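With mmCIF, C-alpha atoms inside, this is structure_19.cif:
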```cif
data_protein
loop_
_atom_site.label_atom_id
_atom_site.label_comp_id
_atom_site.auth_asym_id
_atom_site.auth_seq_id
_atom_site.Cartn_x
_atom_site.Cartn_y
_atom_site.Cartn_z
CA MET A 1 27.83 -8.30 -18.36
CA SER A 2 28.70 -8.31 -14.74
CA LYS A 3 26.84 -6.77 -11.88
CA HIS A 4 28.44 -5.82 -8.65
CA PHE A 5 26.47 -6.85 -5.57
CA GLU A 6 27.36 -6.17 -1.99
CA GLN A 7 25.54 -6.61 1.27
CA GLU A 8 23.93 -3.34 2.38
CA ALA A 9 24.52 -2.50 6.00
CA PRO A 10 21.32 -1.92 8.01
CA PRO A 11 20.54 1.50 9.52
CA CYS A 12 21.12 2.24 13.21
CA GLN A 13 18.53 0.16 15.04
CA HIS A 14 17.13 3.02 17.14
CA MET A 15 16.65 5.15 13.99
CA GLU A 16 14.86 2.79 11.63
CA GLN A 17 11.32 3.70 12.60
CA MET A 18 11.96 7.42 12.32
CA LEU A 19 13.80 6.96 9.03
CA GLN A 20 10.79 5.12 7.63
CA MET A 21 8.50 7.94 8.74
CA ALA A 22 10.83 10.54 7.29
CA ALA A 23 10.96 8.63 4.01
CA ASP A 24 7.20 8.81 3.53
CA GLY A 25 6.92 12.37 4.84
CA ARG A 26 4.92 11.53 7.95
CA ILE A 27 7.07 13.31 10.50
CA ARG A 28 7.51 17.02 10.76
CA GLY A 29 9.33 19.64 12.79
CA LEU A 30 12.06 18.83 15.26
CA ARG A 31 11.82 15.06 14.83
CA ARG A 32 12.23 15.39 11.08
CA TRP A 33 15.18 17.73 11.52
CA TYR A 34 16.80 15.27 13.94
CA VAL A 35 16.39 12.35 11.51
CA LEU A 36 17.75 14.29 8.55
CA ALA A 37 20.70 15.56 10.60
CA HIS A 38 21.50 12.01 11.70
CA ALA A 39 21.14 10.64 8.16
CA ALA A 40 23.44 13.34 6.85
CA SER A 41 26.22 12.27 9.19
CA CYS A 42 25.65 8.49 9.19
CA GLY A 43 26.35 6.71 5.92
CA GLN A 44 24.22 3.63 6.65
CA CYS A 45 21.18 5.63 7.71
CA GLY A 46 21.65 8.10 4.85
CA ARG A 47 21.68 5.27 2.33
CA PHE A 48 18.70 3.56 3.98
CA LEU A 49 16.67 6.80 3.87
CA GLN A 50 17.54 7.36 0.22
CA ARG A 51 16.58 3.81 -0.76
CA MET A 52 13.28 3.97 1.14
CA ARG A 53 12.43 7.27 -0.54
CA GLU A 54 13.12 5.72 -3.94
CA THR A 55 10.98 2.68 -3.20
CA ILE A 56 8.04 4.76 -1.97
CA ALA A 57 8.34 7.15 -4.91
CA GLN A 58 8.29 4.22 -7.33
CA LEU A 59 5.20 2.77 -5.68
CA ARG A 60 3.36 6.10 -5.84
CA LYS A 61 4.44 6.80 -9.38
CA SER A 62 3.83 3.45 -11.02
CA GLN A 63 0.51 2.73 -9.23
CA PRO A 64 0.72 -1.02 -9.85
CA ASN A 65 -2.53 -2.89 -10.48
CA SER A 66 -4.48 0.12 -11.78
CA PRO A 67 -7.51 -0.85 -13.92
CA ASP A 68 -7.94 0.19 -17.56
CA GLU A 69 -10.92 2.27 -18.72
CA THR A 70 -12.98 -0.72 -19.84
CA THR A 71 -12.60 -2.39 -16.47
CA MET A 72 -13.53 0.85 -14.71
CA GLU A 73 -16.66 1.21 -16.80
CA ARG A 74 -17.60 -2.41 -16.16
CA LEU A 75 -17.13 -1.90 -12.43
CA LYS A 76 -19.24 1.26 -12.41
CA GLN A 77 -22.10 -0.42 -14.23
CA GLY A 78 -21.39 -3.75 -12.54
CA LYS A 79 -23.87 -6.48 -11.78
CA TRP A 80 -23.72 -5.49 -8.11
CA ARG A 81 -26.23 -2.78 -9.04
CA ASP A 82 -28.59 -5.35 -10.53
CA GLU A 83 -28.28 -7.55 -7.46
CA LEU A 84 -28.98 -4.53 -5.30
CA ASN A 85 -32.19 -3.77 -7.15
CA GLN A 86 -33.51 -7.31 -6.88
CA MET B 1 -9.44 24.26 29.63
CA ILE B 2 -12.44 24.14 27.34
CA PHE B 3 -12.97 21.02 25.27
CA ARG B 4 -14.97 21.53 22.15
CA LYS B 5 -17.01 18.79 20.63
CA PRO B 6 -15.62 17.83 17.19
CA PRO B 7 -17.88 18.87 14.32
CA PRO B 8 -20.22 16.13 13.13
CA VAL B 9 -19.07 14.11 10.11
CA THR B 10 -20.93 15.06 6.96
CA LYS B 11 -21.90 11.86 5.25
CA PRO B 12 -21.26 11.92 1.50
CA ALA B 13 -23.55 10.27 -1.04
CA PHE B 14 -22.77 6.62 -1.73
CA GLU B 15 -22.45 7.20 -5.49
CA ASP B 16 -19.90 9.98 -4.92
CA VAL B 17 -17.83 7.71 -2.71
CA VAL B 18 -17.98 4.93 -5.30
CA ASP B 19 -16.85 7.31 -8.06
CA ARG B 20 -14.00 8.61 -5.95
CA GLU B 21 -12.72 5.34 -4.54
CA LEU B 22 -13.44 2.79 -7.24
CA MET B 23 -9.96 2.83 -8.73
CA SER B 24 -8.34 2.47 -5.32
CA LEU B 25 -10.67 -0.37 -4.44
CA TYR B 26 -9.75 -2.22 -7.60
CA ARG B 27 -6.03 -1.71 -7.00
CA VAL B 28 -6.30 -3.06 -3.46
CA ALA B 29 -8.44 -5.98 -4.69
CA LYS B 30 -5.90 -6.82 -7.39
CA THR B 31 -3.10 -6.54 -4.85
CA LEU B 32 -4.90 -9.04 -2.64
CA THR B 33 -6.04 -11.48 -5.31
CA SER B 34 -3.25 -11.10 -7.90
CA ASN B 35 -5.89 -11.83 -10.51
CA ALA B 36 -7.95 -9.39 -12.61
CA ALA B 37 -11.16 -11.44 -12.76
CA ASP B 38 -11.10 -12.22 -9.02
CA ALA B 39 -10.38 -8.55 -8.30
CA GLU B 40 -13.44 -7.45 -10.29
CA ASP B 41 -15.65 -9.96 -8.51
CA LEU B 42 -14.29 -8.85 -5.16
CA VAL B 43 -14.93 -5.16 -5.89
CA GLY B 44 -18.45 -5.97 -7.10
CA GLN B 45 -19.23 -7.95 -3.97
CA THR B 46 -17.73 -5.18 -1.80
CA LEU B 47 -19.88 -2.51 -3.43
CA TYR B 48 -22.97 -4.66 -3.09
CA LEU B 49 -22.33 -5.17 0.64
CA ALA B 50 -21.37 -1.52 1.12
CA ALA B 51 -24.52 -0.25 -0.60
CA ARG B 52 -26.65 -2.40 1.70
CA ALA B 53 -24.78 -1.29 4.82
CA TRP B 54 -24.57 2.37 3.80
CA PRO B 55 -27.66 3.53 5.80
CA THR B 56 -26.02 2.35 9.04
CA PHE B 57 -22.53 3.69 8.23
CA ASP B 58 -21.61 6.87 10.16
CA GLY B 59 -19.71 8.46 7.25
CA ALA B 60 -16.26 8.59 8.90
CA HIS B 61 -13.34 7.40 6.73
CA PRO B 62 -15.42 5.96 3.86
CA LYS B 63 -12.35 4.77 1.96
CA SER B 64 -11.07 2.84 4.97
CA TRP B 65 -14.56 1.48 5.56
CA LEU B 66 -14.82 0.19 1.98
CA ILE B 67 -11.36 -1.36 2.09
CA ARG B 68 -12.22 -3.06 5.36
CA ILE B 69 -15.30 -4.62 3.78
CA LEU B 70 -13.21 -5.68 0.80
CA SER B 71 -10.48 -7.15 2.97
CA ASN B 72 -12.96 -9.06 5.15
CA GLU B 73 -14.73 -10.39 2.07
CA HIS B 74 -11.41 -11.52 0.63
CA LEU B 75 -10.54 -13.35 3.84
CA GLY B 76 -13.98 -14.97 3.86
CA LEU B 77 -13.49 -16.22 0.30
CA LEU B 78 -10.06 -17.61 1.15
CA ARG B 79 -11.51 -19.43 4.14
CA LYS B 80 -14.23 -20.93 1.96
CA GLN B 81 -11.55 -22.17 -0.42
CA ASN B 82 -9.45 -23.42 2.51
CA ARG B 83 -6.55 -21.32 1.40
CA HIS B 84 -4.17 -19.77 3.87
CA PRO B 85 -3.71 -16.09 3.04
CA GLU B 86 -0.11 -15.73 4.14
CA PRO B 87 2.68 -17.15 2.05
CA GLN B 88 5.89 -18.06 3.84
CA LEU B 89 8.52 -15.38 4.18
CA GLU B 90 11.55 -15.87 2.03
CA PRO B 91 14.92 -15.34 3.67
CA GLU B 92 15.85 -11.69 3.57
CA HIS B 93 18.69 -10.52 1.42
CA GLU B 94 19.68 -7.00 0.63
CA PRO B 95 21.99 -6.88 -2.35
CA THR B 96 22.87 -3.50 -3.77
CA THR B 97 24.09 -2.53 -7.16
CA GLU B 98 25.71 0.46 -8.73
CA GLY B 99 23.76 2.76 -11.01
CA TYR B 100 23.81 0.48 -14.04
CA TRP B 101 20.04 0.14 -14.24
CA GLN B 102 19.29 3.86 -14.23
CA ALA B 103 17.74 3.76 -17.69
CA ILE B 104 15.14 1.07 -16.92
CA ASP B 105 11.77 2.04 -18.35
CA TRP B 106 9.05 3.08 -15.87
CA ALA B 107 6.59 0.60 -17.30
CA LEU B 108 9.00 -2.24 -16.68
CA VAL B 109 9.52 -1.03 -13.15
CA GLY B 110 5.76 -0.92 -12.64
CA ASP B 111 5.38 -4.50 -13.85
CA GLN B 112 8.22 -5.64 -11.66
CA LEU B 113 6.73 -3.80 -8.69
CA ALA B 114 3.35 -5.47 -9.18
CA SER B 115 5.00 -8.85 -9.52
CA GLU B 116 7.14 -8.41 -6.40
CA MET B 117 4.20 -6.98 -4.46
CA ALA B 118 2.27 -10.16 -5.22
CA LYS B 119 4.99 -12.22 -3.57
CA LEU B 120 4.89 -10.32 -0.29
CA PRO B 121 3.05 -11.93 2.64
CA GLU B 122 -0.51 -10.69 2.53
CA GLU B 123 -0.46 -8.60 5.69
CA TYR B 124 2.65 -6.72 4.51
CA ARG B 125 1.25 -6.39 1.00
CA LEU B 126 -1.92 -4.76 2.23
CA ALA B 127 -0.05 -2.32 4.49
CA VAL B 128 2.22 -1.23 1.62
CA ALA B 129 -0.71 -0.92 -0.78
CA LEU B 130 -2.76 1.20 1.61
CA CYS B 131 -0.03 3.46 3.00
CA ASP B 132 2.31 3.86 0.03
CA ILE B 133 0.17 3.40 -3.07
CA GLU B 134 -3.21 4.67 -1.82
CA GLN B 135 -1.49 7.07 0.60
CA LEU B 136 -3.83 6.50 3.51
CA THR B 137 -2.62 7.80 6.87
CA TYR B 138 -1.50 5.17 9.38
CA GLU B 139 -4.74 5.75 11.26
CA GLU B 140 -6.93 5.32 8.16
CA ALA B 141 -5.02 2.16 7.25
CA ALA B 142 -5.53 0.90 10.80
CA VAL B 143 -9.30 1.34 10.40
CA ALA B 144 -9.19 -0.43 7.02
CA MET B 145 -7.10 -3.34 8.33
CA ASP B 146 -8.86 -3.47 11.70
CA VAL B 147 -5.57 -3.47 13.62
CA PRO B 148 -3.82 -0.86 15.82
CA SER B 149 -1.80 1.78 13.94
CA GLY B 150 1.42 0.46 15.52
CA THR B 151 0.76 -2.87 13.80
CA VAL B 152 0.19 -1.07 10.51
CA ARG B 153 3.56 0.64 10.88
CA SER B 154 5.47 -2.52 11.68
CA ARG B 155 3.86 -4.41 8.77
CA LEU B 156 4.49 -1.48 6.46
CA TYR B 157 8.16 -1.20 7.39
CA ARG B 158 8.78 -4.92 7.01
CA GLY B 159 6.93 -4.95 3.70
CA ARG B 160 8.95 -2.02 2.38
CA ASN B 161 12.21 -3.61 3.45
CA LEU B 162 11.32 -6.87 1.72
CA LEU B 163 10.18 -5.06 -1.41
CA ARG B 164 13.27 -2.94 -1.48
CA SER B 165 15.58 -5.91 -1.08
CA ARG B 166 13.86 -7.69 -3.96
CA LEU B 167 13.76 -4.66 -6.23
CA VAL B 168 17.14 -3.14 -5.60
CA HIS B 169 18.63 -4.71 -8.71
CA VAL B 170 15.84 -3.12 -10.80
CA LEU B 171 15.47 0.23 -9.10
CA GLY B 172 19.17 0.76 -8.59
CA GLU B 173 19.79 4.43 -8.28
CA LEU B 174 16.73 5.53 -10.27
CA SER B 175 15.72 9.04 -9.44
CA PRO B 176 12.18 9.33 -7.99
CA THR B 177 11.41 12.32 -10.20
#
```
Could I get this file's structure written as structure tokens?
Amino acid sequence: MSKHFEQEAPPCQHMEQMLQMAADGRIRGLRRWYVLAHAASCGQCGRFLQRMRETIAQLRKSQPNSPDETTMERLKQGKWRDELNQ
Amino acid sequence: MIFRKPPPVTKPAFEDVVDRELMSLYRVAKTLTSNAADAEDLVGQTLYLAARAWPTFDGAHPKSWLIRILSNEHLGLLRKQNRHPEPQLEPEHEPTTEGYWQAIDWALVGDQLASEMAKLPEEYRLAVALCDIEQLTYEEAAVAMDVPSGTVRSRLYRGRNLLRSRLVHVLGELSPT
């Protein structure tokens, strides 16, 4: 099995911050339009935006480190309540 | 121009806040400690301190307020143990791969994410956890981390870049949907 790796070119330096904000949906209006228009015509920025969106989506979807029900119940009834009542 | 005074913040009940934010608190605690038992202890201690301080809390951004207590408590524990919270940065690399790994199971991705998150320097890890997993605004994360929102952004972006570079061989071209 072989995997093909290549170095990914970075986005345009002046665009990175806005691309990050576009990736997590925190810019709106004209600024968002400008970023998307740039990303559509610039391969490096387009790929960067796509990869950031994927990463953020994975983080939101998989919710790493979530507790199970038993842990949640233990936390709700935790000994911090006893200490508080002392 | 007339400036109107913002409406006063309605302070919720402590129990309601605990019910609503407990899961997030645990996730952030586990992200910081990388250990289930330590995370539980940290959440317990946070809730104990928060309950005692609740009467003096103004009610604004309760989630950020709780995370700030948790984060400070974590730092205090590390100091007591003489442990430095920030691991060294590994050299950055950004390999890419073609869509071979598209069929990777979500659970595996989640495990890999948690494992790679644990390797991030703490300040980046916390920014990613708060802004991307807990979906706090930059301003709320700034309150929780007790730093300016510009610092939150720069830590978040560096953390995401590191995470992405380490996960690219797993995530590949997986669709976010």
List the residues matched by the PyMOL selection byres ((chain A) within 9 of (chain B)) in the displayed structure as an NGL selection string, ordered by chain and then by residue number.
:A and (3-9 or 16-17 or 20 or 24 or 26 or 51-67 or 71-72 or 74-76 or 78-81 or 83-84)
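Shortest separation to Trp33 of chain A among A:Met18, A:Phe48, A:Pro10, A:Gln86 occurs at residue A:Met18, atoms counted being only C-alpha atoms.
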In Å and to one decimal, atom CA of Leu19 of chain A is distant from atom CA of Val35 of chain A by 6.5 Å
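Minimum atom-to-atom distances from B:Arg125, B:Arg68, B:His74, B:Arg158 to Ala142 of chain B were compared using all atoms listed in the file, and the lowest value belongs to B:Arg68.
One distance worth recording is that between atom CA of Pro11 of chain A and atom CA of Ser41 of chain A, which is 12.2 Å.
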Can you list, as a VMD selection string, the residues that the PyMOL selection byres ((chain B and resi 120) around 8) selects here?
chain B and resid 87 89 116 to 119 121 to 122 124 to 125 159 162 to 163
